[in-house]
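Beneath this line is the structure, given in structure tokens, with notes to follow.
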Amino acid sequence: MMTFKGWILAATALATTALTATLPDAAMAQDGEKLRFVVVSHIGSNDPNMNWLTMAMEEFGKKYPDVEAEYISTNNYSIQEHVRLLEQAIATRPDGIAVPIVSPDAFEGPLRRAIESGIPVVAFNIADGRPEGERIPYVTYVGGDELLTGRKLGEYALSQVEAGVVPAPTRVVCASHDSAHEGLKKRCAGMREVMEASGAKFDELFIGAEPATARNTLQSYLSANTDTNYIFTVAGWSAPWAWGVANEMGLSPDVDMEGVTVLTVDEGPVSIEGVRQGHVLATNSQGFWLQGYAPLEWLYWNVKHGYAPQQDILTGPIIITRENADKWSDLVRSVFGEEAYNQQNTW
Amino acid sequence: MRTPLQALVRSQSFGAVIGVVLMLAVFSIVDFSGWWRSQTLANVAHFSAILGLVAMGQALVIITKEIDLSVGSVYGLTGVAFITFEPQYGVGGAIILALLIAALVGAVQGLLVVKGKLPSMIVTLGGLFAARGLIYVWTGGSVNNFSEAARSNPLTRLFGGEFFGIEAAIFWMIGLCIALNIMLWGTRFGNRLLATGGAQDSAESRGVRSDHVKIATFTLCALLAGFAGIVTLADKPQTHVTLGDLMELEAIAAAVIGGCLLTGGRGSLVGAVLGAFIITSFRYELIALGAPSSWFITFVGVVLIVAVIFNQSLARRAGHSV
């Protein structure tokens, strides 16, 4: 009769055999037959932008059937959770990793180890913002420039001030749902740069991601800072909250020469419809579809041919205004589908 | 015979009453004109009512010597269900179905705790993740819109509108607080609930089915959280999958600040509402005074510890073993 120890050994052997059998891709990658790339993202199923990335990855899969591309993501705004997922992904020894550098400090260790062990890394969505020699030595960065996003949106707002569309800014609040997110901080910083140069006061406000709490926090701020006449939400889905709070307070938040002006980000249905309906002055696109596709293509070219671009590849920002919002709406409808687009328009 | 003052001092919400009085005094000194504005008070009262609804359910569970970490996710799941079901079943149908989901989550958690003899902290932690995961899977990352017709539906206005210029949520919280207090202090079920948390063995020896009581309490707690979610979205349907994120911690903090002891058998629904009022007021005032909004988290931690020390000392004076 088998001993307890024997049972454990047998079970372990069985489990190992079963696991090996279910991982043909990994085995093939070792043979050089099939590559495995892992995208470790902070854009999870709690974020509609994930659709852009996963749809783009499907297209990549059609073009490169010899690559298995996996998308894993966090569902909360936690850097620790993201690092944990990254370390797990590295431990599976993929042939390439695409990852947004949400926190250079937190990602430095695991990514440097991965790169040193021969796994090429492409940063996407958020770059390591440190100087060239100090940043994580990834192959390249594919994505928007968050500082530029804030700056260009701010510059557009000022151009509309000159055109007599909206009032000049007196105090601007940048409402952020994640106080540790480097990309969001840079969006605020870009906006700050432009707005402070124009003579406006500027504050960053952490509103959190919970809708009722965020509204409560924003209302507190607006009550205490009555000279605030610009709200910049660094997520598209929080734009209707900001508009709603300002509207309830009688601050006339639509795009006109009175009251508060709202600016936001992203090319999702909420942001685009906000612009089209005159609630939001402008939003931006950072080329999300390209951010899902291009990092994998660069990983492929790097692994297969040793190619590495000599500079970052910017996919945005593109400013979406009332003039081009209709075209953006058509494009996004073609990606999301008519029904999903309409359902996601929460205005 | 006790005077009303003596009764107040001995009441389980005394700590919260003292906290509110102190807080109002401090706010009046540092920011009189800002704090005592109708807009400020309306905003604070509105969010306090929503958090208060969730905190009352939490208080009931804590009184039975258990805890429910899933209330934030249940609040979110019910709210999302309400919005998602509306196009198909109408506002009334969506409310009923959403509340049924909340009740089911609460009942299942209660059953697992009492029948599976599992710690409620673990069961409801699982509930927290499971309900949040369901929201993500169900919505694909974005909650649907709520049509204009649904927003102006009389039922939607009943839950999320205004009466005499005051948010409906405040009336619902006051009404439910009165009803739940009558249940807790004036009915056999309430008596059994207190007995279950106070001395379960002794209660069972007197024929109290503590397992039934706990399952009912978990269900009631989830229903209150779900109801709060519906009240929130009936008023402001523009939401996100993060609805209710971390709300469980504020609800537990409110219940504890309000006089609930995690050792069970002692707690106050009025105190839980006052606890919610303290938490919301401080968030508001810290921001109004220009403090970074993340300081609020530090504040909740400090107040929580002070409240526990104060409430435990009150409980000992009242002869409660803690």
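Residue numbering restarts at 1 in every chain; chains get A, B, ... in the order shown in the structure tokens, and ligands count up from 1 in that same order.
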Find the residues in chain A near chain B: any atom within 9 Å counts, using only C-alpha atoms. Write them as a PyMOL selection string. chain A and resi 44-51+75-76+179+204-207+209-213+216-225+237-238+240-241+244+249+340+342-347
When DSSP is applied to the backbone of this structure, which of range 96-172 of chain B are assigned strand (DSSP E or B)? Write them out as a list in words. Glu162, Phe163, Ile166 and Glu167 of chain B
Compare A:Trp328, A:Tyr307, A:Tyr71, A:Trp289 by their minimum atom-to-atom distance to Arg276 in chain A, counting only C-alpha atoms, and give me the closest one. A:Trp328
Give me every helix (DSSP H, G or I) residue in range 60-276 of chain B, going by DSSP on the backbone, as JSON, numbers by chain. {"B": [60, 61, 62, 63, 71, 72, 73, 74, 75, 76, 77, 78, 79, 80, 81, 82, 83, 84, 85, 86, 87, 88, 89, 90, 91, 92, 93, 94, 95, 96, 97, 98, 99, 100, 101, 102, 103, 104, 105, 106, 107, 108, 109, 110, 111, 112, 113, 114, 115, 120, 121, 122, 123, 124, 125, 126, 127, 128, 129, 130, 131, 132, 133, 134, 135, 136, 137, 138, 139, 148, 149, 150, 151, 154, 155, 156, 157, 158, 159, 160, 168, 169, 170, 171, 172, 173, 174, 175, 176, 177, 178, 179, 180, 181, 182, 183, 184, 185, 186, 188, 189, 190, 191, 192, 193, 194, 195, 196, 197, 198, 200, 201, 202, 203, 204, 205, 210, 211, 212, 213, 214, 215, 216, 217, 218, 219, 220, 221, 222, 223, 224, 225, 226, 227, 228, 229, 230, 231, 232, 233, 234, 235, 247, 248, 249, 250, 251, 252, 253, 254, 255, 256, 257, 269, 270, 271, 272, 273, 274, 275, 276]}
Can you tell me, as a list of chain:residue names, what residues are no more than 6 Å from Gly267 in chain B when counting only C-alpha atoms, ignoring any on the same chain fewer than 3 positions away?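 The neighbour list is B:Gln12, B:Ile63, B:Gly259, B:Cys260.
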Excluding Ala168 in chain B and any residue of its chain fewer than 4 positions from it, enumerate the residues within 10 Å of it, using only C-alpha atoms, and give them as a list in words.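 The neighbour list is His46, Ala49, Arg157, Leu158, Phe159, Gly160, Gly161, Glu162, Phe163, Phe164, Trp172, Met173, Val231, Thr232, Ala234 and Asp235 of chain B.
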For CA of Val255 in chain A and CA of Val165 in chain A, quote the distance in Å rounded to one decimal.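 Value for the CA of Val255 in chain A-CA of Val165 in chain A distance: 7.5 Å.
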Tell me, in Å to one decimal, how far CA of Val102 in chain A is from CA of His82 in chain A. 8.7 Å
Between CA of Lys65 in chain B and CA of Val114 in chain B, measure the distance and give it in Å to one decimal. 12.1 Å
Which residues come within 7 Å of Val61 in chain B, counting only C-alpha atoms, excluding same-chain residues fewer than 4 positions away, as a list in words?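 Contacts, in chain order: Gly57, Lys65, Glu66, Ile67, Asp68, Thr217, Phe218 and Cys221 of chain B.
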With a distance cut-off of 9 Å and only C-alpha atoms, select the neighbouring residues of Phe227 in chain B, excluding the residue or stretch itself and same-chain residues fewer than 5 positions from it, and output the selection as a PDB file with C-alpha atoms, in the first residue's frame.
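So the final result, stored in around14.pdb, reads:
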```pdb
ATOM      1  CA  LEU B  53     -27.613  53.400   5.601  1.00  0.00           C
ATOM      2  CA  VAL B  54     -24.638  51.109   5.002  1.00  0.00           C
ATOM      3  CA  TYR B  75     -23.598  48.392  -2.524  1.00  0.00           C
ATOM      4  CA  THR B  78     -26.843  46.251  -6.332  1.00  0.00           C
ATOM      5  CA  GLY B  79     -26.455  49.708  -7.835  1.00  0.00           C
ATOM      6  CA  ILE B  95     -35.215  47.713  -7.912  1.00  0.00           C
ATOM      7  CA  ALA B  98     -31.339  44.303  -7.521  1.00  0.00           C
ATOM      8  CA  LEU B  99     -32.480  44.023  -3.915  1.00  0.00           C
ATOM      9  CA  ALA B 102     -28.295  41.900  -2.384  1.00  0.00           C
ATOM     10  CA  ALA B 222     -26.729  43.402   2.575  1.00  0.00           C
ATOM     11  CA  THR B 232     -27.336  56.777  -4.703  1.00  0.00           C
TER      12      THR B 232
END
```
Find the spatial neighbours of Gly292 in chain A, counting only C-alpha atoms, within a cut-off of 12 Å - ignore same-chain residues fewer than 4 positions away - and output them as JSON, numbers by chain. {"A": [38, 39, 40, 41, 43, 49, 50, 51, 52, 53, 54, 55, 56, 57, 58, 59, 60, 61, 69, 70, 71, 98, 99, 100, 122, 123, 124, 125, 142, 143, 286, 287, 288, 296, 297, 298, 299, 315]}
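Distances here use only C-alpha atoms; by that measure, the residue among A:Leu153, A:Val260, A:Val83, A:Ala91 closest to Ile318 in chain A is A:Leu153.
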